[in-house]
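Peer 1: What follows is model_21.txt, made up of compact mmCIF, C-alpha atoms:
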# COMPACT_ATOMS: atom_id res chain seq x y z
CA MET Y 1 84.57 104.87 86.41
CA ALA Y 2 82.50 101.73 86.94
CA LEU Y 3 84.30 98.47 86.36
CA PRO Y 4 82.33 95.54 84.91
CA LEU Y 5 83.21 92.83 87.41
CA PRO Y 6 81.04 89.71 87.41
CA SER Y 7 80.30 88.75 91.00
CA VAL Y 8 81.19 85.11 90.34
CA ASP Y 9 84.76 86.12 89.48
CA ILE Y 10 85.18 88.07 92.69
CA VAL Y 11 83.88 85.08 94.67
CA VAL Y 12 86.30 82.72 92.92
CA VAL Y 13 89.30 84.97 93.56
CA ALA Y 14 88.24 85.47 97.18
CA VAL Y 15 87.98 81.70 97.74
CA ALA Y 16 91.40 81.23 96.13
CA ALA Y 17 92.84 83.88 98.47
CA LEU Y 18 91.38 82.05 101.45
CA PHE Y 19 92.99 78.83 100.21
CA ALA Y 20 96.34 80.58 99.94
CA LEU Y 21 95.96 81.99 103.45
CA ALA Y 22 95.05 78.61 104.90
CA ALA Y 23 98.07 76.91 103.31
CA PRO Y 24 100.80 76.32 105.90
CA THR Y 25 103.89 78.46 105.37
CA ARG Y 26 106.32 75.52 105.18
CA SER Y 27 104.20 73.28 103.01
CA ARG Y 28 103.76 72.64 99.33
CA LEU Y 29 100.16 73.74 99.82
CA LEU Y 30 101.47 77.31 99.67
CA ALA Y 31 102.38 76.76 96.04
CA ALA Y 32 98.95 75.27 95.32
CA GLY Y 33 97.21 78.18 97.05
CA ALA Y 34 99.28 80.78 95.23
CA GLY Y 35 98.75 79.04 91.88
CA THR Y 36 95.01 78.82 92.39
CA LEU Y 37 94.91 82.51 93.28
CA LEU Y 38 96.88 83.54 90.17
CA ALA Y 39 94.79 81.38 87.81
CA ALA Y 40 91.55 82.67 89.33
CA LEU Y 41 92.81 86.24 89.02
CA ALA Y 42 93.68 85.75 85.36
CA MET Y 43 90.31 84.26 84.48
CA ALA Y 44 88.47 86.96 86.43
CA GLY Y 45 90.39 89.66 84.57
CA LEU Y 46 89.59 88.00 81.24
CA ARG Y 47 85.89 87.78 82.01
CA SER Y 48 85.87 91.38 83.20
CA ALA Y 49 87.55 92.59 80.00
CA THR Y 50 85.11 90.69 77.77
CA ALA Y 51 81.97 91.47 79.80
CA GLY Y 52 80.90 94.18 77.34
CA GLY Y 53 80.96 91.85 74.33
CA GLU Y 54 84.59 92.40 73.30
CA ARG Y 55 86.40 89.48 71.76
CA LEU Y 56 89.67 88.15 73.15
CA ALA Y 57 91.38 88.80 69.82
CA ASP Y 58 90.42 92.49 69.99
CA LEU Y 59 91.94 93.06 73.42
CA PRO Y 60 95.38 94.72 73.71
CA ARG Y 61 98.30 92.40 73.15
CA SER Y 62 99.76 93.28 76.55
CA PHE Y 63 96.53 92.13 78.25
CA GLN Y 64 96.58 88.87 76.33
CA LEU Y 65 100.20 88.21 77.32
CA ILE Y 66 99.66 88.97 81.01
CA THR Y 67 96.55 86.78 81.14
CA LEU Y 68 98.40 83.90 79.48
CA ALA Y 69 101.37 84.32 81.81
CA LEU Y 70 99.17 84.32 84.91
CA VAL Y 71 97.34 81.18 83.79
CA LEU Y 72 100.56 79.34 82.93
CA VAL Y 73 102.31 80.33 86.16
CA GLY Y 74 99.23 79.53 88.26
CA ASP Y 75 98.71 76.11 86.68
CA GLY Y 76 102.44 75.43 86.91
CA LEU Y 77 102.43 76.20 90.64
CA VAL Y 78 99.52 73.82 91.23
CA LEU Y 79 101.21 71.00 89.28
CA PHE Y 80 104.48 71.81 91.02
CA ALA Y 81 102.78 71.43 94.41
CA LEU Y 82 101.11 68.15 93.47
CA ALA Y 83 104.42 66.67 92.32
CA GLY Y 84 106.50 68.06 95.20
CA ARG Y 85 108.00 66.14 98.04
CA ARG Y 86 106.34 66.05 101.40
CA PRO Y 87 108.02 68.43 103.81
CA VAL Y 88 109.99 67.03 106.71
CA PRO Y 89 108.38 68.06 110.00
CA GLY Y 90 110.54 70.60 111.78
CA PRO Y 91 110.86 71.37 115.45
CA ALA Y 92 107.89 72.90 117.21
CA PRO Y 93 107.99 76.69 117.48
CA VAL Y 94 109.42 78.02 120.68
CA PRO Y 95 106.77 79.93 122.62
CA VAL Y 96 107.60 83.53 123.37
CA ALA Y 97 106.53 85.73 126.20
CA ASP Y 98 102.85 86.59 126.38
CA LEU Y 99 103.48 90.29 126.85
CA ILE Y 100 104.10 92.28 123.69
CA PRO Y 101 106.83 94.90 124.21
CA GLY Y 102 105.47 98.43 123.87
CA GLU Y 103 101.85 97.30 123.82
CA ARG Y 104 100.67 100.83 124.67
CA TRP Y 105 102.34 102.17 121.53
CA LEU Y 106 100.80 99.31 119.58
CA THR Y 107 97.32 100.09 120.93
CA LEU Y 108 97.67 103.77 120.04
CA HIS Y 109 98.96 102.81 116.58
CA VAL Y 110 96.02 100.51 115.81
CA LEU Y 111 93.35 102.88 117.13
CA ALA Y 112 94.74 105.88 115.23
CA ALA Y 113 95.03 103.87 112.00
CA LEU Y 114 91.43 102.68 112.30
CA GLY Y 115 90.34 106.26 112.97
CA ALA Y 116 92.09 107.44 109.80
CA LEU Y 117 89.82 105.12 107.82
CA VAL Y 118 86.73 107.13 108.72
CA ALA Y 119 88.02 110.60 109.71
CA PRO Y 120 85.88 113.12 107.75
CA GLY Y 121 88.04 116.24 107.98
CA LEU Y 122 91.55 117.10 106.83
CA HIS Y 123 92.85 118.10 110.27
CA LEU Y 124 91.62 114.97 112.05
CA PHE Y 125 92.77 112.72 109.22
CA MET Y 126 96.30 114.16 109.15
CA LEU Y 127 96.58 114.10 112.95
CA LEU Y 128 95.57 110.43 113.06
CA VAL Y 129 97.94 109.45 110.25
CA LEU Y 130 100.89 111.21 111.93
CA THR Y 131 100.01 109.70 115.30
CA ALA Y 132 99.59 106.18 113.95
CA ALA Y 133 102.85 106.30 111.98
CA ALA Y 134 104.85 107.68 114.91
CA ALA Y 135 103.35 105.21 117.40
CA GLY Y 136 104.04 102.32 115.04
CA TYR Y 137 107.69 103.32 114.79
CA CYS Y 138 108.01 103.67 118.58
CA TRP Y 139 106.59 100.15 118.93
CA SER Y 140 108.85 98.56 116.30
CA ARG Y 141 112.09 100.50 116.97
CA PRO Y 142 111.97 101.63 120.62
CA GLY Y 143 114.64 104.15 121.51
CA ARG Y 144 115.93 104.63 117.95
CA VAL Y 145 115.98 107.83 115.92
CA PRO Y 146 113.60 107.71 112.89
CA LEU Y 147 116.15 108.73 110.26
CA VAL Y 148 113.84 107.96 107.32
CA LEU Y 149 110.34 108.07 108.77
CA GLY Y 150 110.96 111.31 110.67
CA PRO Y 151 111.66 113.47 107.58
CA ALA Y 152 108.75 111.80 105.78
CA LEU Y 153 106.36 112.75 108.59
CA LEU Y 154 107.73 116.32 108.60
CA LEU Y 155 107.05 116.45 104.85
CA LEU Y 156 103.51 115.22 105.50
CA ALA Y 157 103.02 117.91 108.14
CA GLY Y 158 104.14 120.51 105.59
CA CYS Y 159 101.59 119.22 103.08
CA TRP Y 160 98.94 119.43 105.81
CA TYR Y 161 99.74 123.11 106.40
CA LEU Y 162 99.77 123.99 102.69
CA LEU Y 163 96.52 122.18 101.91
CA ALA Y 164 94.73 123.96 104.75
CA ARG Y 165 96.30 127.39 104.10
CA VAL Y 166 95.62 127.52 100.36
CA ALA Y 167 92.07 126.15 100.76
CA GLY Y 168 91.19 129.29 102.73
CA PRO Y 169 87.90 129.57 104.64
CA MET Y 170 86.14 126.69 102.88
CA PRO Y 171 85.16 123.58 104.90
CA LEU Y 172 88.11 121.19 105.08
CA LEU Y 173 86.16 117.98 104.68
CA LEU Y 174 88.13 115.45 102.65
CA ALA Y 175 85.25 114.93 100.23
CA GLN Y 176 85.11 118.68 99.48
CA LEU Y 177 88.82 119.29 98.92
CA ARG Y 178 88.36 118.68 95.20
CA GLU Y 179 86.59 122.07 95.11
CA ALA Y 180 89.49 123.91 96.79
CA PRO Y 181 91.23 126.64 94.73
CA TYR Y 182 94.41 124.66 94.15
CA SER Y 183 96.40 125.64 91.07
CA ALA Y 184 97.97 123.13 88.68
CA ALA Y 185 101.46 123.96 89.97
CA PHE Y 186 100.30 123.53 93.57
CA GLU Y 187 98.73 120.14 92.80
CA LEU Y 188 101.92 119.04 91.09
CA GLY Y 189 104.15 119.86 94.05
CA VAL Y 190 101.88 118.60 96.83
CA ALA Y 191 101.03 115.38 94.97
CA GLY Y 192 104.72 114.62 94.53
CA ALA Y 193 105.37 115.14 98.24
CA LEU Y 194 102.37 113.00 99.24
CA LEU Y 195 103.52 110.20 96.92
CA VAL Y 196 106.95 110.20 98.57
CA VAL Y 197 105.34 109.89 102.01
CA ALA Y 198 102.95 107.19 100.80
CA THR Y 199 105.87 105.22 99.34
CA VAL Y 200 107.65 105.29 102.72
CA LEU Y 201 104.54 104.34 104.69
CA LEU Y 202 103.54 101.55 102.29
CA GLY Y 203 107.00 100.02 102.58
CA LEU Y 204 107.78 99.98 98.87
CA ALA Y 205 111.40 99.47 97.82
CA PRO Y 206 113.81 100.83 98.95
CA PHE Y 207 111.90 101.70 102.14
CA HIS Y 208 110.78 98.16 102.99
CA LEU Y 209 113.25 97.72 105.87
CA ILE Y 210 112.54 100.83 107.94
CA GLY Y 211 110.70 100.51 111.24
CA ARG Y 212 106.92 100.71 111.05
CA GLY Y 213 103.87 99.39 112.82
CA PRO Y 214 101.71 96.59 111.43
CA PHE Y 215 99.05 99.05 110.17
CA THR Y 216 101.46 101.61 108.72
CA PRO Y 217 101.05 100.32 105.10
CA ILE Y 218 97.32 101.01 105.43
CA LEU Y 219 98.18 104.64 106.20
CA GLY Y 220 100.16 104.94 102.96
CA ALA Y 221 97.27 103.58 100.93
CA LEU Y 222 94.81 105.93 102.67
CA LEU Y 223 97.00 108.92 101.84
CA LEU Y 224 96.66 108.04 98.17
CA VAL Y 225 92.97 107.15 98.17
CA ARG Y 226 91.40 109.57 100.66
CA LEU Y 227 93.63 112.61 100.14
CA THR Y 228 95.84 112.66 97.04
CA ALA Y 229 93.25 111.36 94.56
CA VAL Y 230 90.63 113.77 95.92
CA ALA Y 231 92.52 116.99 96.70
CA VAL Y 232 95.22 117.00 93.99
CA PRO Y 233 94.07 114.55 91.26
CA GLY Y 234 95.90 116.43 88.50
CA GLY Y 235 99.19 116.09 90.31
CA LEU Y 236 98.58 112.39 90.95
CA VAL Y 237 98.04 111.74 87.24
CA HIS Y 238 101.25 113.62 86.46
CA TRP Y 239 103.34 111.55 88.90
CA GLN Y 240 101.87 108.14 88.00
CA PRO Y 241 104.64 107.41 85.41
CA VAL Y 242 107.12 107.83 88.30
CA PHE Y 243 105.14 106.10 91.05
CA PHE Y 244 104.19 102.99 89.08
CA PRO Y 245 107.84 102.05 88.33
CA VAL Y 246 108.46 102.15 92.11
CA ALA Y 247 105.72 99.55 92.53
CA LEU Y 248 107.32 97.55 89.71
CA VAL Y 249 110.76 97.66 91.37
CA THR Y 250 109.13 96.44 94.58
CA THR Y 251 107.60 93.42 92.86
CA LEU Y 252 110.88 92.64 91.08
CA PHE Y 253 112.74 92.81 94.38
CA ALA Y 254 110.06 90.57 95.89
CA ALA Y 255 110.70 88.03 93.12
CA VAL Y 256 114.44 88.02 93.86
CA ALA Y 257 114.06 88.03 97.65
CA ARG Y 258 111.16 85.53 97.58
CA ARG Y 259 108.79 87.90 99.38
CA PRO Y 260 105.23 87.42 98.09
CA ASP Y 261 103.95 89.91 100.68
CA LEU Y 262 106.03 92.66 99.06
CA ALA Y 263 104.72 91.59 95.66
CA LEU Y 264 101.15 92.05 96.85
CA LEU Y 265 102.12 95.47 98.23
CA GLY Y 266 103.22 96.42 94.72
CA VAL Y 267 99.82 95.36 93.37
CA ALA Y 268 98.10 97.34 96.12
CA ALA Y 269 100.16 100.44 95.29
CA VAL Y 270 99.07 100.18 91.65
CA GLY Y 271 95.42 100.18 92.65
CA ALA Y 272 95.74 102.90 95.29
CA GLY Y 273 97.73 105.16 92.96
CA SER Y 274 95.46 104.71 89.94
CA GLY Y 275 93.17 107.62 90.87
CA SER Y 276 90.04 105.47 90.51
CA PRO Y 277 87.93 105.37 93.71
CA VAL Y 278 86.96 101.72 93.19
CA ALA Y 279 90.49 100.56 92.40
CA GLY Y 280 91.90 102.72 95.19
CA TRP Y 281 89.78 101.22 97.93
CA CYS Y 282 90.42 97.77 96.52
CA GLY Y 283 94.13 98.56 96.85
CA VAL Y 284 93.52 99.29 100.53
CA LEU Y 285 91.89 95.87 100.86
CA VAL Y 286 94.89 94.23 99.18
CA VAL Y 287 97.12 95.88 101.79
CA ALA Y 288 94.84 94.31 104.40
CA LEU Y 289 95.45 90.96 102.68
CA VAL Y 290 99.21 91.52 103.06
CA LEU Y 291 98.75 92.27 106.75
CA ALA Y 292 96.71 89.09 107.17
CA PHE Y 293 99.49 86.99 105.63
CA ARG Y 294 102.13 88.67 107.77
CA GLY Y 295 100.02 88.28 110.89
CA ARG Y 296 99.53 84.59 110.23
CA ASP Y 297 103.27 84.05 109.76
CA TRP Y 298 104.00 85.97 112.95
CA LEU Y 299 101.55 83.81 114.90
CA GLU Y 300 103.16 80.63 113.56
CA ARG Y 301 106.66 81.78 114.47
CA SER Y 302 105.68 82.93 117.94
CA GLY Y 303 103.62 79.86 118.82
CA ARG Y 304 100.49 81.90 119.54
CA ARG Y 305 96.99 80.93 118.49
CA LEU Y 306 94.26 83.22 117.25
CA ALA Y 307 90.83 82.97 118.87
CA VAL Y 308 87.86 81.73 116.86
CA THR Y 309 86.37 85.22 116.68
CA GLY Y 310 89.68 86.61 115.45
CA TRP Y 311 89.91 83.97 112.74
CA ALA Y 312 86.36 84.80 111.61
CA VAL Y 313 87.33 88.47 111.21
CA VAL Y 314 90.53 87.53 109.35
CA VAL Y 315 88.70 85.14 107.01
CA ALA Y 316 86.09 87.77 106.14
CA LEU Y 317 88.82 90.35 105.56
CA VAL Y 318 90.88 88.06 103.34
CA ALA Y 319 87.83 87.03 101.30
CA ALA Y 320 87.06 90.68 100.56
CA ALA Y 321 90.70 91.48 99.81
CA GLY Y 322 91.07 88.51 97.48
CA GLY Y 323 88.17 89.72 95.39
CA ALA Y 324 89.68 93.23 95.42
CA LEU Y 325 92.74 92.08 93.45
CA VAL Y 326 90.74 92.17 90.22
CA PRO Y 327 89.51 95.80 90.30
CA ALA Y 328 92.84 97.01 91.76
CA LEU Y 329 94.70 95.72 88.71
CA ALA Y 330 91.90 96.91 86.40
CA GLY Y 331 92.33 100.46 87.71
CA GLY Y 332 96.09 100.20 87.25
CA LEU Y 333 95.66 99.00 83.68
CA ALA Y 334 93.46 102.02 82.93
CA ALA Y 335 96.16 104.38 84.27
CA GLU Y 336 99.46 102.74 83.20
CA THR Y 337 98.92 99.58 81.17
CA VAL Y 338 102.54 98.46 80.64
CA TYR Y 339 103.72 99.05 84.20
CA THR Y 340 100.66 97.33 85.66
CA ALA Y 341 101.16 94.30 83.42
CA LEU Y 342 104.80 94.08 84.50
CA VAL Y 343 103.78 94.42 88.17
CA ALA Y 344 101.41 91.48 87.78
CA LEU Y 345 104.17 89.44 86.13
CA GLY Y 346 106.61 90.36 88.89
CA ALA Y 347 104.11 89.26 91.52
CA SER Y 348 103.67 85.95 89.71
CA VAL Y 349 107.42 85.38 89.63
CA ALA Y 350 107.61 86.20 93.35
CA PHE Y 351 105.09 83.46 94.14
CA LEU Y 352 106.90 81.04 91.84
CA THR Y 353 110.34 81.66 93.36
CA THR Y 354 108.89 81.32 96.86
CA ALA Y 355 107.39 77.95 95.98
CA TRP Y 356 110.73 76.83 94.48
CA ARG Y 357 112.53 77.76 97.69
CA LEU Y 358 110.04 75.73 99.75
CA ARG Y 359 110.57 72.72 97.49
CA ARG Y 360 114.32 72.84 98.00
Once you've parsed the file, please lay out its structure as structure tokens.
Peer 2:
Amino acid sequence: MALPLPSVDIVVVAVAALFALAAPTRSRLLAAGAGTLLAALAMAGLRSATAGGERLADLPRSFQLITLALVLVGDGLVLFALAGRRPVPGPAPVPVADLIPGERWLTLHVLAALGALVAPGLHLFMLLVLTAAAAGYCWSRPGRVPLVLGPALLLLAGCWYLLARVAGPMPLLLAQLREAPYSAAFELGVAGALLVVATVLLGLAPFHLIGRGPFTPILGALLLVRLTAVAVPGGLVHWQPVFFPVALVTTLFAAVARRPDLALLGVAAVGAGSGSPVAGWCGVLVVALVLAFRGRDWLERSGRRLAVTGWAVVVALVAAAGGALVPALAGGLAAETVYTALVALGASVAFLTTAWRLRR
């Protein structure tokens, strides 16, 4: 389904996302960046909804309320930042060792995750996802038993076997799996299992504390977009009323724990689980936005500096991901309107509580 998204709105949201990324972590500019992003997102959603000539008064009441809430929270964050106290400079970060522990596992994790983005066939895609997830865990939790991730990967391997076995002799290209002879009952069971694995890999609550590599959330989004929505779309639609509340719980937890990165993960899950190709890939880009924020914070804490070329790649990625927030939420609204609206509100509260903590 094509989404009417004026290009000017995507540019505005992308610029606001760049502003939020550039804001220092321990500064009131974070509140201003987050507020600008929320206000730009609300106005872009409003323009997208009225692009076909619809009047604001004719739009659903839930859409009107969420747009108003985003505008109020966004403007409040900007005013809050302008009136806030200047932060007291803290001690300089302590440099850490240049060598990253387990860098071979990290290299394998990154390469396999990037390969999963473009793998054309089911066998190669599943192999790369399993490899990337396992390597990411070995990098983050060396020497520990994967009590949660291990069973999830075994479940994914079982889905791999069933998808290939039931498809029979047909070509197992991901784009052609929609033509496989999967029954409604088969789609229901496999989609439920894939959603469980995607929830673990994405890091949604209550699986946000398990060990994973930096690119593991991308793997969860790819499972939803490249496999579940294509091979078992009927099962995905059936499980959406269960999966969307998990994204909502994640954003609510993010609001309480003051974790805006988790809030954005909830938004990304809504887009990736909507079943829409456009919204799904935009959800993947939002996950990339989360990784950019986390990577920037990690660099600040470790005292490292990113090269100019690296910053250029990050800026381009964040600009694209910032514009992807609009269609990701639009796809979620088309699938589950109430849950998506609550997810957006939870993400707004997460940004607001984070800014309040920085002020104190």
Peer 1: Mind checking which residues fall within 7 Å of range 118-135 of chain Y, counting all atoms listed in the file, ignoring those fewer than 6 positions away in the same chain, and posting them as a list in words?
Peer 2: Trp105, Leu106, Leu108, His109, Val110, Ala112, Leu153, Trp160, Leu172, Leu173, Leu174, Arg212, Thr216 and Leu219 of chain Y
Peer 1: Quick one: distance from CA of Val326 in chain Y to CA of Leu345 in chain Y in Å, one decimal?
Peer 2: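 Interatomic distance here is 14.3 Å.
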Peer 1: Could you tell me how far CA of Gly295 in chain Y lies from CA of Leu147 in chain Y, in Å and to one decimal?
Peer 2: 26.1 Å
Peer 1: To one decimal place in Å, what is the distance between CA of Ala113 in chain Y and CA of Pro181 in chain Y?
Peer 2: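 It comes out at 28.8 Å.
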Peer 1: Using all atoms listed in the file, what table do you get, as a Markdown table, when you list each residue of range 92-209 of chain Y with an atom no more than 12 Å from range 270-273 of chain Y, its nearest pair of atoms, and their distance in Å rounded to one decimal, rows by chain then rising number?
Peer 2:
| residue | atom | partner | partner_atom | distance |
| --- | --- | --- | --- | --- |
| Y:Ala191 | CA | Y:Gly273 | CA | 10.9 |
| Y:Gly192 | CA | Y:Gly273 | CA | 11.9 |
| Y:Leu194 | CA | Y:Gly273 | CA | 11.1 |
| Y:Leu195 | CA | Y:Gly273 | CA | 8.6 |
| Y:Val196 | CA | Y:Gly273 | CA | 11.9 |
| Y:Ala198 | CA | Y:Gly273 | CA | 9.6 |
| Y:Thr199 | CA | Y:Gly273 | CA | 10.3 |
| Y:Leu202 | CA | Y:Ala272 | CA | 10.6 |
| Y:Leu204 | CA | Y:Val270 | CA | 11.3 |
Peer 1: Could you pull the residues within 12 Å of Ile218 in chain Y, counting all atoms listed in the file, minus those fewer than 3 positions along the same chain, as number ranges by chain?
Peer 2: Y: 109-110, 112-117, 129, 132-133, 136, 198-203, 212-215, 221-226, 265, 268-269, 272, 280-291
Peer 1: Would you mind listing, for every residue of range 148-189 of chain Y within 10 Å of range 227-233 of chain Y, the two atoms forming the shortest contact and the distance between them in Å to one decimal, using only C-alpha atoms, sorted by chain and ascending residue number, as CSV?
Peer 2:
residue,atom,partner,partner_atom,distance
Y:Leu163,CA,Y:Ala231,CA,8.4
Y:Leu174,CA,Y:Leu227,CA,6.7
Y:Ala175,CA,Y:Val230,CA,7.0
Y:Gln176,CA,Y:Ala231,CA,8.1
Y:Leu177,CA,Y:Ala231,CA,4.9
Y:Arg178,CA,Y:Ala231,CA,4.7
Y:Glu179,CA,Y:Ala231,CA,8.0
Y:Ala180,CA,Y:Ala231,CA,7.6
Y:Pro181,CA,Y:Ala231,CA,9.9
Y:Tyr182,CA,Y:Val232,CA,7.7
Y:Ser183,CA,Y:Val232,CA,9.2
Y:Ala184,CA,Y:Val232,CA,8.6
Y:Phe186,CA,Y:Val232,CA,8.3
Y:Glu187,CA,Y:Val232,CA,4.9
Y:Leu188,CA,Y:Val232,CA,7.6
Y:Gly189,CA,Y:Val232,CA,9.4
Peer 1: Would you please work out which residue, of Y:Gly211, Y:Pro241, Y:Gly234, Y:Ala335, is nearest to Gly143 in chain Y when using only C-alpha atoms?
Peer 2: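 Answer, going by the shortest atom-to-atom distance: Y:Gly211.
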Peer 1: Taking into account only C-alpha atoms, which residue in the set Y:Ala247, Y:Ala257, Y:Ala319, Y:Leu352 is nearest to Tyr339 in chain Y?
Peer 2: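 Nearest to Tyr339 in chain Y: Y:Ala247.
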Peer 1: Pick out the closest residue to Phe207 in chain Y from this set: Y:Ala255, Y:Val148, Y:Leu236, Y:Leu162. Count only C-alpha atoms.
Peer 2: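 Going through Y:Ala255, Y:Val148, Y:Leu236, Y:Leu162 one by one, the smallest distance to Phe207 in chain Y is for Y:Val148.
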Peer 1: For Leu252 in chain Y, please output as a PyMOL selection string all residues within 9 Å (counting all atoms listed in the file; exclusion window: fewer than 4 positions along the same chain).
Peer 2: chain Y and resi 247-248+256-257+263+343+345-347+349-350
Peer 1: Take the residues just selected and output them with C-alpha atoms as a tab-separated table (two decimals), in the frame of the given file.
Peer 2:
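Dumped everything to again06.tsv:
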chain	number	residue	atom	x	y	z
Y	247	ALA	CA	105.72	99.55	92.53
Y	248	LEU	CA	107.32	97.55	89.71
Y	256	VAL	CA	114.44	88.02	93.86
Y	257	ALA	CA	114.06	88.03	97.65
Y	263	ALA	CA	104.72	91.59	95.66
Y	343	VAL	CA	103.78	94.42	88.17
Y	345	LEU	CA	104.17	89.44	86.13
Y	346	GLY	CA	106.61	90.36	88.89
Y	347	ALA	CA	104.11	89.26	91.52
Y	349	VAL	CA	107.42	85.38	89.63
Y	350	ALA	CA	107.61	86.20	93.35
Peer 1: Missing atoms in range 222-244 of chain Y: fill them in up to N, CA and C atoms and send the result as a CSV table (one decimal), keeping the file's coordinate frame.
Peer 2:
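Final output, saved to rebuild_38.csv:
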chain,number,residue,atom,x,y,z
Y,222,LEU,N,95.8,104.9,102.4
Y,222,LEU,CA,94.8,105.9,102.7
Y,222,LEU,C,95.2,107.3,102.2
Y,223,LEU,N,96.5,107.6,102.3
Y,223,LEU,CA,97.0,108.9,101.8
Y,223,LEU,C,96.7,109.1,100.3
Y,224,LEU,N,96.9,108.0,99.6
Y,224,LEU,CA,96.7,108.0,98.2
Y,224,LEU,C,95.2,108.1,97.8
Y,225,VAL,N,94.4,107.3,98.5
Y,225,VAL,CA,93.0,107.2,98.2
Y,225,VAL,C,92.1,108.3,98.7
Y,226,ARG,N,92.3,108.6,100.0
Y,226,ARG,CA,91.4,109.6,100.7
Y,226,ARG,C,91.8,111.0,100.5
Y,227,LEU,N,93.1,111.2,100.2
Y,227,LEU,CA,93.6,112.6,100.1
Y,227,LEU,C,94.2,113.0,98.8
Y,228,THR,N,95.2,112.3,98.3
Y,228,THR,CA,95.8,112.7,97.0
Y,228,THR,C,94.9,112.6,95.8
Y,229,ALA,N,94.1,111.5,95.7
Y,229,ALA,CA,93.2,111.4,94.6
Y,229,ALA,C,92.1,112.3,94.6
Y,230,VAL,N,91.8,112.9,95.8
Y,230,VAL,CA,90.6,113.8,95.9
Y,230,VAL,C,91.1,115.2,95.9
Y,231,ALA,N,92.1,115.6,96.6
Y,231,ALA,CA,92.5,117.0,96.7
Y,231,ALA,C,93.4,117.4,95.5
Y,232,VAL,N,94.3,116.6,95.1
Y,232,VAL,CA,95.2,117.0,94.0
Y,232,VAL,C,95.2,115.9,92.9
Y,233,PRO,N,94.1,115.6,92.3
Y,233,PRO,CA,94.1,114.6,91.3
Y,233,PRO,C,95.0,114.8,90.0
Y,234,GLY,N,95.1,116.1,89.7
Y,234,GLY,CA,95.9,116.4,88.5
Y,234,GLY,C,97.4,116.1,88.8
Y,235,GLY,N,97.8,116.4,90.0
Y,235,GLY,CA,99.2,116.1,90.3
Y,235,GLY,C,99.4,114.6,90.4
Y,236,LEU,N,98.4,113.9,90.9
Y,236,LEU,CA,98.6,112.4,91.0
Y,236,LEU,C,98.7,111.8,89.6
Y,237,VAL,N,97.9,112.2,88.6
Y,237,VAL,CA,98.0,111.7,87.2
Y,237,VAL,C,99.4,112.1,86.7
Y,238,HIS,N,99.9,113.2,87.0
Y,238,HIS,CA,101.2,113.6,86.5
Y,238,HIS,C,102.4,112.7,87.0
Y,239,TRP,N,102.3,112.3,88.3
Y,239,TRP,CA,103.3,111.6,88.9
Y,239,TRP,C,103.2,110.0,88.8
Y,240,GLN,N,102.1,109.6,88.2
Y,240,GLN,CA,101.9,108.1,88.0
Y,240,GLN,C,103.0,107.5,87.2
Y,241,PRO,N,103.5,108.1,86.1
Y,241,PRO,CA,104.6,107.4,85.4
Y,241,PRO,C,105.9,107.3,86.3
Y,242,VAL,N,106.0,108.0,87.4
Y,242,VAL,CA,107.1,107.8,88.3
Y,242,VAL,C,106.8,106.9,89.4
Y,243,PHE,N,105.5,106.9,89.9
Y,243,PHE,CA,105.1,106.1,91.0
Y,243,PHE,C,105.0,104.6,90.7
Y,244,PHE,N,104.4,104.4,89.5
Y,244,PHE,CA,104.2,103.0,89.1
Y,244,PHE,C,105.5,102.2,88.9
